[in-house]
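my_file.tsv, holding TSV, N, CA and C atoms:
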```
chain	number	residue	atom	x	y	z
O	273	MET	N	15.74	-9.15	-39.08
O	273	MET	CA	14.99	-8.16	-38.35
O	273	MET	C	14.15	-7.35	-39.34
O	274	ALA	N	12.90	-7.12	-39.00
O	274	ALA	CA	11.99	-6.37	-39.86
O	274	ALA	C	12.30	-4.87	-39.80
O	275	LEU	N	12.05	-4.20	-40.88
O	275	LEU	CA	12.21	-2.75	-40.91
O	275	LEU	C	11.08	-2.11	-40.12
O	276	VAL	N	11.38	-1.03	-39.43
O	276	VAL	CA	10.39	-0.33	-38.62
O	276	VAL	C	10.24	1.09	-39.16
O	277	PRO	N	9.01	1.50	-39.51
O	277	PRO	CA	8.83	2.87	-39.98
O	277	PRO	C	9.01	3.87	-38.83
O	278	ILE	N	9.64	4.98	-39.15
O	278	ILE	CA	9.79	6.08	-38.21
O	278	ILE	C	9.18	7.31	-38.86
O	279	LEU	N	8.15	7.86	-38.23
O	279	LEU	CA	7.49	9.04	-38.75
O	279	LEU	C	7.94	10.26	-37.97
O	280	MET	N	8.29	11.33	-38.68
O	280	MET	CA	8.74	12.56	-38.06
O	280	MET	C	7.77	13.68	-38.42
O	281	TYR	N	7.30	14.34	-37.40
O	281	TYR	CA	6.41	15.49	-37.57
O	281	TYR	C	7.11	16.73	-37.02
O	282	HIS	N	6.74	17.90	-37.56
O	282	HIS	CA	7.20	19.15	-36.96
O	282	HIS	C	6.11	19.72	-36.08
O	283	GLU	N	4.93	19.94	-36.64
O	283	GLU	CA	3.85	20.47	-35.80
O	283	GLU	C	2.50	20.00	-36.28
O	284	VAL	N	1.69	19.62	-35.30
O	284	VAL	CA	0.28	19.32	-35.51
O	284	VAL	C	-0.45	20.58	-35.05
O	285	GLN	N	-1.25	21.17	-35.94
O	285	GLN	CA	-1.87	22.43	-35.55
O	285	GLN	C	-3.32	22.56	-35.96
O	286	ASP	N	-3.97	23.48	-35.31
O	286	ASP	CA	-5.34	23.86	-35.62
O	286	ASP	C	-5.26	24.85	-36.78
O	287	PRO	N	-5.83	24.51	-37.94
O	287	PRO	CA	-5.72	25.42	-39.09
O	287	PRO	C	-6.37	26.78	-38.84
O	288	ALA	N	-7.29	26.85	-37.88
O	288	ALA	CA	-7.92	28.14	-37.57
O	288	ALA	C	-6.99	29.05	-36.77
O	289	ARG	N	-5.95	28.45	-36.17
O	289	ARG	CA	-4.99	29.23	-35.37
O	289	ARG	C	-3.57	28.79	-35.70
O	290	PRO	N	-3.07	29.13	-36.90
O	290	PRO	CA	-1.72	28.70	-37.27
O	290	PRO	C	-0.65	29.31	-36.38
O	291	ASN	N	0.41	28.57	-36.18
O	291	ASN	CA	1.54	29.00	-35.37
O	291	ASN	C	2.53	29.73	-36.28
O	292	PRO	N	2.79	31.02	-36.05
O	292	PRO	CA	3.73	31.74	-36.91
O	292	PRO	C	5.16	31.20	-36.84
O	293	SER	N	5.46	30.40	-35.83
O	293	SER	CA	6.80	29.81	-35.71
O	293	SER	C	6.98	28.58	-36.58
O	294	ALA	N	5.89	28.10	-37.19
O	294	ALA	CA	5.96	26.87	-38.00
O	294	ALA	C	5.53	27.16	-39.43
O	295	PRO	N	6.45	27.09	-40.39
O	295	PRO	CA	6.06	27.27	-41.78
O	295	PRO	C	4.99	26.24	-42.17
O	296	PRO	N	4.03	26.62	-43.01
O	296	PRO	CA	2.95	25.70	-43.38
O	296	PRO	C	3.43	24.36	-43.92
O	297	SER	N	4.56	24.34	-44.61
O	297	SER	CA	5.06	23.07	-45.16
O	297	SER	C	5.55	22.13	-44.06
O	298	TRP	N	5.69	22.61	-42.85
O	298	TRP	CA	6.14	21.78	-41.72
O	298	TRP	C	4.98	21.20	-40.93
O	299	THR	N	3.76	21.57	-41.26
O	299	THR	CA	2.64	21.25	-40.38
O	299	THR	C	1.67	20.23	-40.99
O	300	VAL	N	0.92	19.62	-40.09
O	300	VAL	CA	-0.21	18.77	-40.47
O	300	VAL	C	-1.35	19.21	-39.56
O	301	ASP	N	-2.56	19.31	-40.12
O	301	ASP	CA	-3.66	19.76	-39.28
O	301	ASP	C	-4.13	18.62	-38.37
O	302	ILE	N	-4.78	19.01	-37.29
O	302	ILE	CA	-5.17	18.07	-36.25
O	302	ILE	C	-6.04	16.93	-36.79
O	303	ASP	N	-6.98	17.23	-37.67
O	303	ASP	CA	-7.85	16.18	-38.20
O	303	ASP	C	-7.06	15.17	-39.04
O	304	SER	N	-6.13	15.66	-39.85
O	304	SER	CA	-5.30	14.75	-40.65
O	304	SER	C	-4.41	13.89	-39.76
O	305	PHE	N	-3.86	14.49	-38.71
O	305	PHE	CA	-3.02	13.74	-37.78
O	305	PHE	C	-3.83	12.63	-37.11
O	306	ARG	N	-5.00	12.98	-36.62
O	306	ARG	CA	-5.86	11.98	-35.98
O	306	ARG	C	-6.18	10.83	-36.95
O	307	GLN	N	-6.51	11.17	-38.20
O	307	GLN	CA	-6.80	10.14	-39.21
O	307	GLN	C	-5.58	9.26	-39.45
O	308	GLN	N	-4.40	9.87	-39.53
O	308	GLN	CA	-3.18	9.08	-39.74
O	308	GLN	C	-2.97	8.09	-38.60
O	309	MET	N	-3.15	8.55	-37.37
O	309	MET	CA	-2.97	7.66	-36.22
O	309	MET	C	-4.02	6.55	-36.21
O	310	GLU	N	-5.26	6.89	-36.56
O	310	GLU	CA	-6.32	5.88	-36.61
O	310	GLU	C	-6.07	4.85	-37.71
O	311	ARG	N	-5.58	5.31	-38.84
O	311	ARG	CA	-5.27	4.37	-39.94
O	311	ARG	C	-4.12	3.45	-39.56
O	312	LEU	N	-3.11	4.00	-38.92
O	312	LEU	CA	-2.00	3.16	-38.47
O	312	LEU	C	-2.50	2.11	-37.48
O	313	ARG	N	-3.31	2.53	-36.53
O	313	ARG	CA	-3.83	1.59	-35.53
O	313	ARG	C	-4.71	0.53	-36.19
O	314	SER	N	-5.54	0.94	-37.14
O	314	SER	CA	-6.40	-0.02	-37.87
O	314	SER	C	-5.58	-1.02	-38.67
O	315	ALA	N	-4.40	-0.60	-39.12
O	315	ALA	CA	-3.51	-1.48	-39.88
O	315	ALA	C	-2.67	-2.37	-38.97
O	316	GLY	N	-2.90	-2.27	-37.66
O	316	GLY	CA	-2.20	-3.14	-36.72
O	316	GLY	C	-0.93	-2.57	-36.12
O	317	TYR	N	-0.65	-1.30	-36.36
O	317	TYR	CA	0.55	-0.69	-35.80
O	317	TYR	C	0.32	-0.22	-34.37
O	318	THR	N	1.41	-0.12	-33.63
O	318	THR	CA	1.42	0.49	-32.30
O	318	THR	C	2.46	1.60	-32.32
O	319	GLY	N	2.02	2.82	-32.08
O	319	GLY	CA	2.93	3.96	-32.05
O	319	GLY	C	3.72	3.99	-30.77
O	320	MET	N	5.00	4.30	-30.89
O	320	MET	CA	5.85	4.30	-29.69
O	320	MET	C	7.03	5.24	-29.83
O	321	SER	N	7.60	5.56	-28.68
O	321	SER	CA	8.79	6.41	-28.62
O	321	SER	C	10.03	5.62	-29.02
O	322	VAL	N	11.10	6.34	-29.27
O	322	VAL	CA	12.37	5.71	-29.60
O	322	VAL	C	12.82	4.79	-28.46
O	323	SER	N	12.74	5.28	-27.22
O	323	SER	CA	13.22	4.46	-26.10
O	323	SER	C	12.39	3.20	-25.90
O	324	ARG	N	11.08	3.30	-26.10
O	324	ARG	CA	10.25	2.09	-25.97
O	324	ARG	C	10.62	1.08	-27.04
O	325	TRP	N	10.80	1.55	-28.26
O	325	TRP	CA	11.16	0.62	-29.33
O	325	TRP	C	12.50	-0.05	-29.04
O	326	LEU	N	13.47	0.73	-28.60
O	326	LEU	CA	14.78	0.15	-28.29
O	326	LEU	C	14.70	-0.85	-27.15
O	327	ALA	N	13.91	-0.55	-26.13
O	327	ALA	CA	13.79	-1.45	-24.98
O	327	ALA	C	13.07	-2.74	-25.33
O	328	GLU	N	12.08	-2.67	-26.21
O	328	GLU	CA	11.25	-3.83	-26.52
O	328	GLU	C	11.67	-4.57	-27.78
O	329	ARG	N	12.63	-4.03	-28.49
O	329	ARG	CA	13.02	-4.61	-29.79
O	329	ARG	C	13.29	-6.11	-29.73
O	330	PRO	N	14.01	-6.61	-28.75
O	330	PRO	CA	14.28	-8.05	-28.76
O	330	PRO	C	13.03	-8.92	-28.57
O	331	ILE	N	11.99	-8.37	-27.95
O	331	ILE	CA	10.80	-9.17	-27.66
O	331	ILE	C	9.55	-8.59	-28.32
O	332	GLN	N	9.74	-7.84	-29.38
O	332	GLN	CA	8.64	-7.13	-30.03
O	332	GLN	C	7.47	-8.06	-30.34
O	333	ARG	N	6.32	-7.77	-29.75
O	333	ARG	CA	5.11	-8.56	-29.99
O	333	ARG	C	4.05	-7.77	-30.74
O	334	CYS	N	4.41	-6.59	-31.16
O	334	CYS	CA	3.45	-5.77	-31.89
O	334	CYS	C	4.12	-5.29	-33.18
O	335	ARG	N	3.37	-4.59	-33.96
O	335	ARG	CA	3.87	-4.01	-35.21
O	335	ARG	C	4.20	-2.54	-34.92
O	336	PRO	N	5.45	-2.21	-34.63
O	336	PRO	CA	5.77	-0.86	-34.17
O	336	PRO	C	5.88	0.16	-35.29
O	337	VAL	N	5.54	1.39	-34.95
O	337	VAL	CA	5.85	2.57	-35.75
O	337	VAL	C	6.37	3.59	-34.74
O	338	VAL	N	7.58	4.08	-34.98
O	338	VAL	CA	8.19	5.06	-34.07
O	338	VAL	C	7.72	6.45	-34.48
O	339	LEU	N	7.24	7.21	-33.50
O	339	LEU	CA	6.70	8.55	-33.75
O	339	LEU	C	7.62	9.59	-33.13
O	340	THR	N	8.05	10.57	-33.93
O	340	THR	CA	8.91	11.63	-33.42
O	340	THR	C	8.37	12.99	-33.85
O	341	PHE	N	8.67	13.99	-33.03
O	341	PHE	CA	8.25	15.36	-33.28
O	341	PHE	C	9.46	16.26	-33.06
O	342	ASP	N	9.77	17.10	-34.04
O	342	ASP	CA	10.95	17.96	-33.96
O	342	ASP	C	10.60	19.38	-33.49
O	343	ASP	N	11.53	19.97	-32.80
O	343	ASP	CA	11.60	21.39	-32.48
O	343	ASP	C	10.90	21.83	-31.20
O	344	GLY	N	9.90	21.12	-30.72
O	344	GLY	CA	9.21	21.54	-29.50
O	344	GLY	C	8.11	22.55	-29.73
O	345	LEU	N	7.52	22.51	-30.90
O	345	LEU	CA	6.48	23.48	-31.24
O	345	LEU	C	5.20	23.26	-30.43
O	346	ARG	N	4.52	24.35	-30.18
O	346	ARG	CA	3.32	24.42	-29.33
O	346	ARG	C	2.22	23.43	-29.73
O	347	GLY	N	1.95	23.28	-31.01
O	347	GLY	CA	0.87	22.41	-31.45
O	347	GLY	C	1.06	20.96	-31.06
O	348	ASN	N	2.29	20.56	-30.85
O	348	ASN	CA	2.52	19.16	-30.46
O	348	ASN	C	2.05	18.91	-29.03
O	349	ILE	N	2.14	19.92	-28.18
O	349	ILE	CA	1.60	19.84	-26.82
O	349	ILE	C	0.08	19.92	-26.87
O	350	ASP	N	-0.43	20.91	-27.61
O	350	ASP	CA	-1.87	21.17	-27.63
O	350	ASP	C	-2.68	20.15	-28.41
O	351	HIS	N	-2.11	19.59	-29.48
O	351	HIS	CA	-2.91	18.77	-30.39
O	351	HIS	C	-2.42	17.33	-30.54
O	352	ALA	N	-1.12	17.13	-30.73
O	352	ALA	CA	-0.62	15.76	-30.92
O	352	ALA	C	-0.67	14.96	-29.62
O	353	LEU	N	-0.21	15.56	-28.53
O	353	LEU	CA	-0.15	14.84	-27.26
O	353	LEU	C	-1.51	14.29	-26.83
O	354	PRO	N	-2.60	15.07	-26.87
O	354	PRO	CA	-3.89	14.50	-26.48
O	354	PRO	C	-4.33	13.31	-27.34
O	355	VAL	N	-4.04	13.35	-28.63
O	355	VAL	CA	-4.39	12.22	-29.50
O	355	VAL	C	-3.60	10.98	-29.09
O	356	LEU	N	-2.31	11.16	-28.86
O	356	LEU	CA	-1.46	10.03	-28.46
O	356	LEU	C	-1.92	9.44	-27.13
O	357	LEU	N	-2.24	10.30	-26.18
O	357	LEU	CA	-2.70	9.81	-24.87
O	357	LEU	C	-4.03	9.09	-24.99
O	358	GLU	N	-4.89	9.60	-25.84
O	358	GLU	CA	-6.21	8.99	-26.04
O	358	GLU	C	-6.10	7.55	-26.54
O	359	ILE	N	-5.14	7.30	-27.42
O	359	ILE	CA	-5.02	5.94	-27.97
O	359	ILE	C	-3.95	5.11	-27.26
O	360	GLY	N	-3.31	5.70	-26.26
O	360	GLY	CA	-2.35	4.95	-25.45
O	360	GLY	C	-1.00	4.74	-26.09
O	361	TRP	N	-0.60	5.65	-26.97
O	361	TRP	CA	0.69	5.56	-27.63
O	361	TRP	C	1.68	6.54	-27.02
O	362	THR	N	2.96	6.25	-27.22
O	362	THR	CA	4.01	7.17	-26.80
O	362	THR	C	4.73	7.70	-28.03
O	363	ALA	N	5.56	8.72	-27.82
O	363	ALA	CA	6.34	9.32	-28.91
O	363	ALA	C	7.56	9.98	-28.31
O	364	THR	N	8.49	10.36	-29.18
O	364	THR	CA	9.67	11.11	-28.76
O	364	THR	C	9.56	12.52	-29.31
O	365	PHE	N	9.71	13.51	-28.42
O	365	PHE	CA	9.67	14.91	-28.79
O	365	PHE	C	11.08	15.46	-28.67
O	366	PHE	N	11.67	15.82	-29.81
O	366	PHE	CA	13.01	16.41	-29.84
O	366	PHE	C	12.84	17.93	-29.79
O	367	ILE	N	13.22	18.54	-28.68
O	367	ILE	CA	12.97	19.96	-28.51
O	367	ILE	C	14.25	20.78	-28.64
O	368	THR	N	14.11	21.96	-29.21
O	368	THR	CA	15.21	22.92	-29.33
O	368	THR	C	15.24	23.70	-28.02
O	369	THR	N	16.24	23.47	-27.21
O	369	THR	CA	16.19	23.94	-25.82
O	369	THR	C	16.15	25.46	-25.68
O	370	ALA	N	16.79	26.21	-26.56
O	370	ALA	CA	16.76	27.67	-26.46
O	370	ALA	C	15.37	28.23	-26.75
O	371	MET	N	14.51	27.45	-27.36
O	371	MET	CA	13.18	27.93	-27.72
O	371	MET	C	12.11	27.59	-26.68
O	372	ILE	N	12.45	26.78	-25.69
O	372	ILE	CA	11.47	26.38	-24.68
O	372	ILE	C	10.85	27.62	-24.04
O	373	GLY	N	9.53	27.67	-24.06
O	373	GLY	CA	8.80	28.77	-23.45
O	373	GLY	C	8.62	29.99	-24.33
O	374	ASN	N	9.28	30.03	-25.48
O	374	ASN	CA	9.09	31.15	-26.41
O	374	ASN	C	7.74	31.03	-27.09
O	375	GLU	N	7.30	32.13	-27.70
O	375	GLU	CA	6.03	32.12	-28.41
O	375	GLU	C	6.04	31.02	-29.47
O	376	GLY	N	4.99	30.22	-29.49
O	376	GLY	CA	4.87	29.16	-30.47
O	376	GLY	C	5.52	27.85	-30.06
O	377	TYR	N	6.11	27.81	-28.86
O	377	TYR	CA	6.81	26.61	-28.37
O	377	TYR	C	6.26	26.20	-27.01
O	378	GLY	N	6.45	24.93	-26.66
O	378	GLY	CA	6.02	24.43	-25.37
O	378	GLY	C	6.83	25.02	-24.23
O	379	ALA	N	6.19	25.09	-23.05
O	379	ALA	CA	6.84	25.61	-21.84
O	379	ALA	C	7.47	24.47	-21.04
O	380	PRO	N	8.42	24.79	-20.16
O	380	PRO	CA	9.10	23.75	-19.39
O	380	PRO	C	8.16	22.82	-18.64
O	381	ASP	N	7.14	23.38	-17.97
O	381	ASP	CA	6.23	22.53	-17.20
O	381	ASP	C	5.41	21.61	-18.11
O	382	GLU	N	5.13	22.07	-19.32
O	382	GLU	CA	4.38	21.22	-20.27
O	382	GLU	C	5.23	20.04	-20.73
O	383	TRP	N	6.52	20.28	-20.95
O	383	TRP	CA	7.39	19.18	-21.36
O	383	TRP	C	7.60	18.19	-20.21
O	384	ARG	N	7.70	18.71	-18.98
O	384	ARG	CA	7.79	17.81	-17.82
O	384	ARG	C	6.53	16.96	-17.70
O	385	ASP	N	5.38	17.59	-17.90
O	385	ASP	CA	4.11	16.87	-17.83
O	385	ASP	C	4.04	15.79	-18.91
O	386	ALA	N	4.47	16.11	-20.12
O	386	ALA	CA	4.48	15.12	-21.21
O	386	ALA	C	5.39	13.95	-20.85
O	387	SER	N	6.54	14.25	-20.26
O	387	SER	CA	7.45	13.20	-19.83
O	387	SER	C	6.80	12.33	-18.75
O	388	ASP	N	6.13	12.97	-17.80
O	388	ASP	CA	5.45	12.23	-16.73
O	388	ASP	C	4.36	11.32	-17.29
O	389	LYS	N	3.84	11.66	-18.46
O	389	LYS	CA	2.79	10.85	-19.10
O	389	LYS	C	3.35	9.79	-20.03
O	390	GLY	N	4.68	9.60	-20.00
O	390	GLY	CA	5.31	8.52	-20.75
O	390	GLY	C	5.98	8.89	-22.05
O	391	MET	N	5.99	10.17	-22.39
O	391	MET	CA	6.63	10.61	-23.62
O	391	MET	C	8.12	10.79	-23.38
O	392	ASP	N	8.92	10.54	-24.42
O	392	ASP	CA	10.35	10.85	-24.37
O	392	ASP	C	10.52	12.32	-24.72
O	393	ILE	N	11.33	13.01	-23.94
O	393	ILE	CA	11.70	14.38	-24.27
O	393	ILE	C	13.21	14.36	-24.47
O	394	ALA	N	13.65	14.73	-25.65
O	394	ALA	CA	15.06	14.66	-26.00
O	394	ALA	C	15.49	15.98	-26.65
O	395	SER	N	16.77	16.19	-26.75
O	395	SER	CA	17.30	17.44	-27.30
O	395	SER	C	17.38	17.40	-28.83
O	396	HIS	N	16.99	18.51	-29.42
O	396	HIS	CA	17.15	18.74	-30.85
O	396	HIS	C	18.18	19.86	-31.05
O	397	GLY	N	19.07	19.97	-30.06
O	397	GLY	CA	20.08	21.01	-30.08
O	397	GLY	C	19.64	22.21	-29.26
O	398	VAL	N	20.55	23.16	-29.13
O	398	VAL	CA	20.24	24.36	-28.35
O	398	VAL	C	19.54	25.39	-29.22
O	399	THR	N	20.14	25.71	-30.38
O	399	THR	CA	19.60	26.80	-31.20
O	399	THR	C	19.07	26.35	-32.55
O	400	HIS	N	19.16	25.07	-32.85
O	400	HIS	CA	18.67	24.53	-34.13
O	400	HIS	C	19.50	25.00	-35.31
O	401	THR	N	20.73	25.45	-35.07
O	401	THR	CA	21.58	25.86	-36.20
O	401	THR	C	22.82	25.00	-36.24
```

Please re-express this file's structure in structure tokens.
Amino acid sequence: MALVPILMYHEVQDPARPNPSAPPSWTVDIDSFRQQMERLRSAGYTGMSVSRWLAERPIQRCRPVVLTFDDGLRGNIDHALPVLLEIGWTATFFITTAMIGNEGYGAPDEWRDASDKGMDIASHGVTHT
């Protein structure tokens, strides 16, 4: 079985509007994220969620890269999700449930909407401690 890369992001953000909930070392700016996704696609990869990879693993016909996002930070809803939808990829968002709806984090309806659009929404714990 071939090794499959798994990329983990904390937050994709607009550098003009940094999220105070995300330390700079945890972030990637939107342009860099878009370039990374385009380079992966150009190299023949298909980005996917953990559940999609697990479901398709026995019959994998593409070159998978599993994409994950930790904590449920706001920029992943505002910036990463639109890029993923634009190129038709899925990802897994591990959210810290006690932070849902807090400043700098996604709201419940936004996570439901992301799930409805094919993204995995999974728990990253209650309090992240």

Atom-to-atom span, atom N of O:Pro277 and atom C of O:Arg346, Å:
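A separation of 25.0 Å between them.
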
What is the distance, in Å and to one decimal place, between atom CA of O:Leu357 and atom CA of O:Val300?
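We find that atom CA of O:Leu357 and atom CA of O:Val300 lie 18.2 Å from each other.
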
Name the closest residue to O:Ser297 among the candidates O:Glu283, O:Asp392, O:Glu310, O:Asp342; distances are taken between atoms, counting all atoms listed in the file.
O:Glu283

List every protein, DNA or RNA residue with an atom no more than 9 Å from (-0.1, -2.8, -33.3) in the file's coordinates, counting only C-alpha atoms, and format the result as a ChimeraX atom specification.
/O:312-319,333-337

Take the selection from the previous step and output its residues with N, CA and C atoms, as a PDB file, keeping the file's coordinate frame.
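Printed below is out.pdb as written:
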```pdb
ATOM      1  N   LEU O 312      -3.110   4.000 -38.920  1.00  0.00           N
ATOM      2  CA  LEU O 312      -2.000   3.160 -38.470  1.00  0.00           C
ATOM      3  C   LEU O 312      -2.500   2.110 -37.480  1.00  0.00           C
ATOM      4  N   ARG O 313      -3.310   2.530 -36.530  1.00  0.00           N
ATOM      5  CA  ARG O 313      -3.830   1.590 -35.530  1.00  0.00           C
ATOM      6  C   ARG O 313      -4.710   0.530 -36.190  1.00  0.00           C
ATOM      7  N   SER O 314      -5.540   0.940 -37.140  1.00  0.00           N
ATOM      8  CA  SER O 314      -6.400  -0.020 -37.870  1.00  0.00           C
ATOM      9  C   SER O 314      -5.580  -1.020 -38.670  1.00  0.00           C
ATOM     10  N   ALA O 315      -4.400  -0.600 -39.120  1.00  0.00           N
ATOM     11  CA  ALA O 315      -3.510  -1.480 -39.880  1.00  0.00           C
ATOM     12  C   ALA O 315      -2.670  -2.370 -38.970  1.00  0.00           C
ATOM     13  N   GLY O 316      -2.900  -2.270 -37.660  1.00  0.00           N
ATOM     14  CA  GLY O 316      -2.200  -3.140 -36.720  1.00  0.00           C
ATOM     15  C   GLY O 316      -0.930  -2.570 -36.120  1.00  0.00           C
ATOM     16  N   TYR O 317      -0.650  -1.300 -36.360  1.00  0.00           N
ATOM     17  CA  TYR O 317       0.550  -0.690 -35.800  1.00  0.00           C
ATOM     18  C   TYR O 317       0.320  -0.220 -34.370  1.00  0.00           C
ATOM     19  N   THR O 318       1.410  -0.120 -33.630  1.00  0.00           N
ATOM     20  CA  THR O 318       1.420   0.490 -32.300  1.00  0.00           C
ATOM     21  C   THR O 318       2.460   1.600 -32.320  1.00  0.00           C
ATOM     22  N   GLY O 319       2.020   2.820 -32.080  1.00  0.00           N
ATOM     23  CA  GLY O 319       2.930   3.960 -32.050  1.00  0.00           C
ATOM     24  C   GLY O 319       3.720   3.990 -30.770  1.00  0.00           C
ATOM     25  N   ARG O 333       6.320  -7.770 -29.750  1.00  0.00           N
ATOM     26  CA  ARG O 333       5.110  -8.560 -29.990  1.00  0.00           C
ATOM     27  C   ARG O 333       4.050  -7.770 -30.740  1.00  0.00           C
ATOM     28  N   CYS O 334       4.410  -6.590 -31.160  1.00  0.00           N
ATOM     29  CA  CYS O 334       3.450  -5.770 -31.890  1.00  0.00           C
ATOM     30  C   CYS O 334       4.120  -5.290 -33.180  1.00  0.00           C
ATOM     31  N   ARG O 335       3.370  -4.590 -33.960  1.00  0.00           N
ATOM     32  CA  ARG O 335       3.870  -4.010 -35.210  1.00  0.00           C
ATOM     33  C   ARG O 335       4.200  -2.540 -34.920  1.00  0.00           C
ATOM     34  N   PRO O 336       5.450  -2.210 -34.630  1.00  0.00           N
ATOM     35  CA  PRO O 336       5.770  -0.860 -34.170  1.00  0.00           C
ATOM     36  C   PRO O 336       5.880   0.160 -35.290  1.00  0.00           C
ATOM     37  N   VAL O 337       5.540   1.390 -34.950  1.00  0.00           N
ATOM     38  CA  VAL O 337       5.850   2.570 -35.750  1.00  0.00           C
ATOM     39  C   VAL O 337       6.370   3.590 -34.740  1.00  0.00           C
TER      40      VAL O 337
END
```

Nearest to O:Gly344 by atom-to-atom distance, counting only C-alpha atoms, from O:Gly373, O:Gly390, O:Pro296, O:Pro290
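The answer is O:Gly373, which sits nearest to O:Gly344.
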
Looking only at the backbone, which of the residues in chain O does DSSP tag as strand (DSSP E or B), as a PyMOL selection string?
chain O and resi 278-281+283-285+299-301+317-320+335-343+345+364-367+377+392-395

May I ask for the distance between atom CA of O:Gly397 and atom CA of O:Thr368, given in Å to one decimal place?
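Computing it gives 5.3 Å between the two atoms.
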
Counting only N, CA and C atoms, which residues sit no farther than 8 Å from the position (1.4, 10.6, -35.6) in the file's frame? I'd like them as a list in words.
Leu279, Met280, Tyr281, Ser304, Phe305, Arg306, Gln308, Met309, Glu310, Gly319, Val338, Leu339, Thr340, Ala352 and Leu356 of chain O

All residues 6 Å or closer to O:Ala394, all atoms listed in the file, same chain fewer than 5 positions away omitted, as a ChimeraX atom specification
/O:364-367

Proximity to O:Ala288 - best of O:Asp303, O:Glu375, O:Glu358, O:Asp385, only C-alpha atoms
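The closest residue to O:Ala288 is O:Asp303.
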
Please write out, as lines of an AutoDock Vina configuration file, where the centre of an axis-aligned box around all listed atoms of stretch 377-388 of chain O lies and how long its edges are, in Å to one decimal, after adding 5 Å on each side.
```
center_x = 6.6
center_y = 19.6
center_z = -22.8
size_x = 15.1
size_y = 26.5
size_z = 22.1
```

Selected residue, from O:His351, O:Arg384, O:Arg329, O:His282, that lies nearest to O:Trp298 when counting all atoms listed in the file:
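That would be O:His282, the residue with the smallest distance to O:Trp298.
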
DSSP on the backbone: what in chain O comes out alpha helix (DSSP H), as an NGL selection string?
:O and (302-314 or 322-328 or 346-347 or 353-359 or 380-388)
